[in-house]
>>> print(open('start39.csv').read())   # CSV, C-alpha atoms
chain,number,residue,atom,x,y,z
A,1,MET,CA,132.7,217.5,231.6
A,2,LEU,CA,135.4,219.9,230.5
A,3,ILE,CA,134.9,222.3,227.6
A,4,CYS,CA,138.0,224.2,226.4
A,5,SER,CA,138.7,226.3,223.4
A,6,VAL,CA,141.9,225.2,221.6
A,7,ASN,CA,141.8,227.9,219.0
A,8,SER,CA,141.1,231.6,219.7
A,9,SER,CA,142.3,233.2,216.5
A,10,CYS,CA,139.9,234.4,213.8
A,11,ALA,CA,139.9,230.9,212.4
A,12,PRO,CA,137.0,228.7,213.6
A,13,ASN,CA,136.7,227.9,217.3
A,14,VAL,CA,137.3,224.3,218.0
A,15,LEU,CA,135.8,223.1,221.2
A,16,GLU,CA,137.1,219.8,222.7
A,17,ILE,CA,134.5,218.2,224.9
A,18,ILE,CA,135.7,215.6,227.3
A,19,SER,CA,133.1,213.4,228.9
A,20,GLU,CA,133.3,211.9,232.4
A,21,ASP,CA,134.4,208.6,230.9
A,22,ASP,CA,137.2,210.4,229.0
A,23,ASP,CA,135.6,210.3,225.5
A,24,HIS,CA,136.7,213.2,223.3
A,25,GLU,CA,134.3,215.0,221.0
A,26,TYR,CA,134.9,218.1,218.9
A,27,LEU,CA,132.7,220.9,217.8
A,28,ILE,CA,133.9,223.4,215.2
A,29,VAL,CA,132.1,226.8,215.4
A,30,GLU,CA,132.5,229.2,212.5
A,31,VAL,CA,131.0,232.7,212.8
A,32,LYS,CA,130.1,234.8,209.9
A,33,ASN,CA,128.9,238.3,210.9
A,34,SER,CA,126.9,238.7,207.7
A,35,ALA,CA,123.5,238.0,206.2
A,36,ASN,CA,124.9,238.0,202.7
A,37,GLU,CA,124.1,234.7,200.9
A,38,ASP,CA,127.6,234.4,199.3
A,39,THR,CA,129.2,234.8,202.7
A,40,ILE,CA,127.0,232.2,204.3
A,41,ARG,CA,127.7,229.8,201.4
A,42,ARG,CA,131.5,230.4,202.0
A,43,GLY,CA,130.9,229.8,205.7
A,44,ILE,CA,129.2,226.4,205.0
A,45,LYS,CA,132.1,225.4,202.7
A,46,GLU,CA,134.8,226.5,205.2
A,47,THR,CA,133.1,224.7,208.1
A,48,LEU,CA,132.9,221.5,206.0
A,49,GLU,CA,136.6,221.9,205.1
A,50,TYR,CA,137.6,222.5,208.7
A,51,LEU,CA,135.7,219.3,209.7
A,52,ALA,CA,137.2,217.2,207.0
A,53,PHE,CA,140.8,218.3,207.7
A,54,LEU,CA,140.7,218.5,211.5
A,55,ARG,CA,143.7,216.7,212.9
A,56,LEU,CA,144.8,215.5,216.3
A,57,ASN,CA,148.4,214.3,216.6
A,58,GLU,CA,148.9,214.3,212.8
A,59,GLU,CA,145.8,212.1,212.3
A,60,TYR,CA,142.4,213.1,210.9
A,61,VAL,CA,139.8,213.2,213.6
A,62,PHE,CA,136.9,212.2,211.3
A,63,GLY,CA,136.8,209.6,208.6
A,64,ARG,CA,139.6,207.4,210.0
A,65,ASP,CA,137.5,204.4,210.9
A,66,THR,CA,134.3,205.4,209.0
A,67,GLU,CA,133.5,207.5,205.9
A,68,GLU,CA,132.0,210.2,208.1
A,69,TYR,CA,134.5,212.9,207.0
A,70,PHE,CA,132.4,215.6,208.6
A,71,GLY,CA,131.7,213.9,211.8
A,72,SER,CA,128.2,212.9,213.0
A,73,GLY,CA,126.5,216.0,211.7
A,74,TRP,CA,126.7,217.6,215.1
A,75,ASN,CA,130.4,218.5,214.9
A,76,GLY,CA,130.1,221.6,212.8
A,77,LEU,CA,128.1,224.8,213.7
A,78,LEU,CA,127.9,227.9,211.5
A,79,VAL,CA,126.6,231.0,213.3
A,80,VAL,CA,125.4,233.8,211.0
A,81,GLN,CA,124.1,237.3,211.5
A,82,ASP,CA,120.3,237.5,212.1
A,83,LEU,CA,118.4,237.1,208.8
A,84,GLN,CA,115.0,238.5,207.7
A,85,ARG,CA,113.7,234.9,207.6
A,86,GLU,CA,113.9,232.0,210.0
A,87,THR,CA,116.5,229.2,209.5
A,88,ALA,CA,115.4,225.6,209.7
A,89,SER,CA,115.1,224.2,213.2
A,90,LEU,CA,117.8,221.9,214.5
A,91,GLU,CA,115.4,219.0,214.1
A,92,GLU,CA,114.9,219.9,210.4
A,93,GLN,CA,118.7,220.1,210.0
A,94,ALA,CA,119.1,216.6,211.6
A,95,ASP,CA,120.4,215.0,208.3
A,96,SER,CA,122.8,217.9,207.5
A,97,GLU,CA,126.6,217.7,207.8
A,98,ILE,CA,126.6,220.9,209.8
A,99,LYS,CA,124.0,223.0,211.7
A,100,ILE,CA,123.3,226.7,211.0
A,101,LEU,CA,122.0,229.1,213.6
A,102,GLN,CA,121.4,232.8,213.6
A,103,ALA,CA,123.1,234.8,216.3
A,104,ALA,CA,119.8,235.4,218.1
A,105,GLU,CA,119.1,231.7,218.2
A,106,LEU,CA,122.5,230.8,219.7
A,107,GLU,CA,121.8,231.3,223.4
A,108,ASN,CA,118.7,229.1,223.3
A,109,GLN,CA,119.9,226.4,220.9
A,110,LEU,CA,123.6,225.9,221.9
A,111,ALA,CA,122.7,223.7,224.8
A,112,GLN,CA,120.8,221.4,222.4
A,113,VAL,CA,123.8,221.2,220.1
A,114,LEU,CA,126.2,220.4,223.1
A,115,LYS,CA,123.8,217.8,224.5
A,116,ARG,CA,124.1,215.9,221.2
A,117,LYS,CA,127.9,215.8,221.8
A,118,LEU,CA,127.7,214.3,225.3
>>> encode(input="start39.csv", output="structure tokens")
Amino acid sequence: MLICSVNSSCAPNVLEIISEDDDHEYLIVEVKNSANEDTIRRGIKETLEYLAFLRLNEEYVFGRDTEEYFGSGWNGLLVVQDLQRETASLEEQADSEIKILQAAELENQLAQVLKRKL
């Protein structure tokens, strides 16, 4: 498995995950260094837009063959500054178009997000 960052600017990070059988998956990670609710809402909106408009060779990555314009639900991750309250677990977010983690949860939960992509 090869994981490489194809975007290192202040835009979201797009990870291309290539499995041993040469399948390509993508994970968009948006980071908002804020606990402000409006900033988090903007982060959710931006992450969904990045997913919907992600292109590879001038073609949309998601929604070409299906109506899953945001991928499988495991293709978008929003990381926010630590909040005073807990965020929902990844299992509780299973039906969401993106997943949201606090910065302190990232180290323990990122492996679970990546496993869903493999």
>>> atom_distance(input="start39.csv", atom1="atom CA of A:Leu110", atom2="atom CA of A:Val79")
10.4 Å
>>> residues_around(input="start39.csv", residues="A:Leu27", least_positions_apart="3", cutoff="7 Å", atoms="all atoms listed in the file", output="list in words")
Val14, Leu15, Glu16, Asn75 and Gly76 of chain A
>>> atom_distance(input="start39.csv", atom1="atom CA of A:Phe70", atom2="atom CA of A:Asn57")
17.9 Å
>>> atom_distance(input="start39.csv", atom1="atom CA of A:Ile40", atom2="atom CA of A:Leu56")
27.2 Å
>>> closest_residue(input="start39.csv", among="A:Ala111, A:Ala94, A:Ala35, A:Leu54", to="A:Pro12", atoms="all atoms listed in the file")
A:Leu54
>>> residues_around(input="start39.csv", residues="A:Leu51", least_positions_apart="4", cutoff="12 Å", atoms="only C-alpha atoms", output="ChimeraX atom specification")
/A:12-14,26-30,44-47,55-56,60-63,68-78,97-98
>>> closest_residue(input="start39.csv", among="A:Gln81, A:Thr66, A:Asn108, A:Thr87", to="A:Asn33", atoms="only C-alpha atoms")
A:Gln81
>>> closest_residue(input="start39.csv", among="A:Asp65, A:Glu37, A:Asp22, A:Glu107", to="A:Leu83", atoms="all atoms listed in the file")
A:Glu37
>>> residues_around(input="start39.csv", residues="A:Glu86", least_positions_apart="3", cutoff="12 Å", atoms="only C-alpha atoms", output="compact mmCIF listing (two decimals) with C-alpha atoms, keeping the file's coordinate frame")
# COMPACT_ATOMS: atom_id res chain seq x y z
CA ALA A 35 123.50 238.00 206.20
CA VAL A 80 125.40 233.80 211.00
CA GLN A 81 124.10 237.30 211.50
CA ASP A 82 120.30 237.50 212.10
CA LEU A 83 118.40 237.10 208.80
CA SER A 89 115.10 224.20 213.20
CA LEU A 90 117.80 221.90 214.50
CA ILE A 100 123.30 226.70 211.00
CA LEU A 101 122.00 229.10 213.60
CA GLN A 102 121.40 232.80 213.60
CA ALA A 103 123.10 234.80 216.30
CA ALA A 104 119.80 235.40 218.10
CA GLU A 105 119.10 231.70 218.20
>>> build_atoms(input="start39.csv", residues="stretch 77-98 of chain A", atoms="N, CA and C atoms", output="tab-separated table (two decimals), keeping the file's coordinate frame")
chain	number	residue	atom	x	y	z
A	77	LEU	N	129.17	223.79	213.42
A	77	LEU	CA	128.10	224.80	213.70
A	77	LEU	C	128.54	226.08	212.99
A	78	LEU	N	127.68	226.59	212.13
A	78	LEU	CA	127.90	227.90	211.50
A	78	LEU	C	126.90	228.87	212.13
A	79	VAL	N	127.44	229.96	212.68
A	79	VAL	CA	126.60	231.00	213.30
A	79	VAL	C	126.66	232.21	212.33
A	80	VAL	N	125.48	232.68	211.91
A	80	VAL	CA	125.40	233.80	211.00
A	80	VAL	C	124.64	234.96	211.65
A	81	GLN	N	124.81	236.14	211.08
A	81	GLN	CA	124.10	237.30	211.50
A	81	GLN	C	122.58	237.04	211.37
A	82	ASP	N	121.76	237.69	212.17
A	82	ASP	CA	120.30	237.50	212.10
A	82	ASP	C	119.80	237.84	210.70
A	83	LEU	N	118.96	236.96	210.16
A	83	LEU	CA	118.40	237.10	208.80
A	83	LEU	C	116.97	237.62	208.92
A	84	GLN	N	116.43	238.03	207.80
A	84	GLN	CA	115.00	238.50	207.70
A	84	GLN	C	114.08	237.30	207.84
A	85	ARG	N	114.55	236.11	207.52
A	85	ARG	CA	113.70	234.90	207.60
A	85	ARG	C	114.29	233.92	208.57
A	86	GLU	N	113.46	232.99	208.99
A	86	GLU	CA	113.90	232.00	210.00
A	86	GLU	C	114.76	230.94	209.27
A	87	THR	N	115.71	230.40	210.02
A	87	THR	CA	116.50	229.20	209.50
A	87	THR	C	115.69	227.99	209.96
A	88	ALA	N	116.03	226.89	209.34
A	88	ALA	CA	115.40	225.60	209.70
A	88	ALA	C	115.73	225.28	211.15
A	89	SER	N	114.82	224.62	211.82
A	89	SER	CA	115.10	224.20	213.20
A	89	SER	C	116.19	223.16	213.22
A	90	LEU	N	116.77	222.93	214.39
A	90	LEU	CA	117.80	221.90	214.50
A	90	LEU	C	117.28	220.53	214.11
A	91	GLU	N	116.01	220.27	214.44
A	91	GLU	CA	115.40	219.00	214.10
A	91	GLU	C	115.31	218.87	212.55
A	92	GLU	N	114.96	219.97	211.89
A	92	GLU	CA	114.90	219.90	210.40
A	92	GLU	C	116.24	219.83	209.77
A	93	GLN	N	117.29	220.19	210.50
A	93	GLN	CA	118.70	220.10	210.00
A	93	GLN	C	119.33	218.78	210.41
A	94	ALA	N	118.57	217.87	210.98
A	94	ALA	CA	119.10	216.60	211.60
A	94	ALA	C	120.01	215.85	210.58
A	95	ASP	N	119.67	215.83	209.30
A	95	ASP	CA	120.40	215.00	208.30
A	95	ASP	C	121.55	215.85	207.66
A	96	SER	N	121.74	217.09	208.06
A	96	SER	CA	122.80	217.90	207.50
A	96	SER	C	124.14	217.65	208.10
A	97	GLU	N	125.20	217.89	207.32
A	97	GLU	CA	126.60	217.70	207.80
A	97	GLU	C	126.95	218.69	208.88
A	98	ILE	N	126.38	219.90	208.81
A	98	ILE	CA	126.60	220.90	209.80
A	98	ILE	C	125.26	221.53	210.20
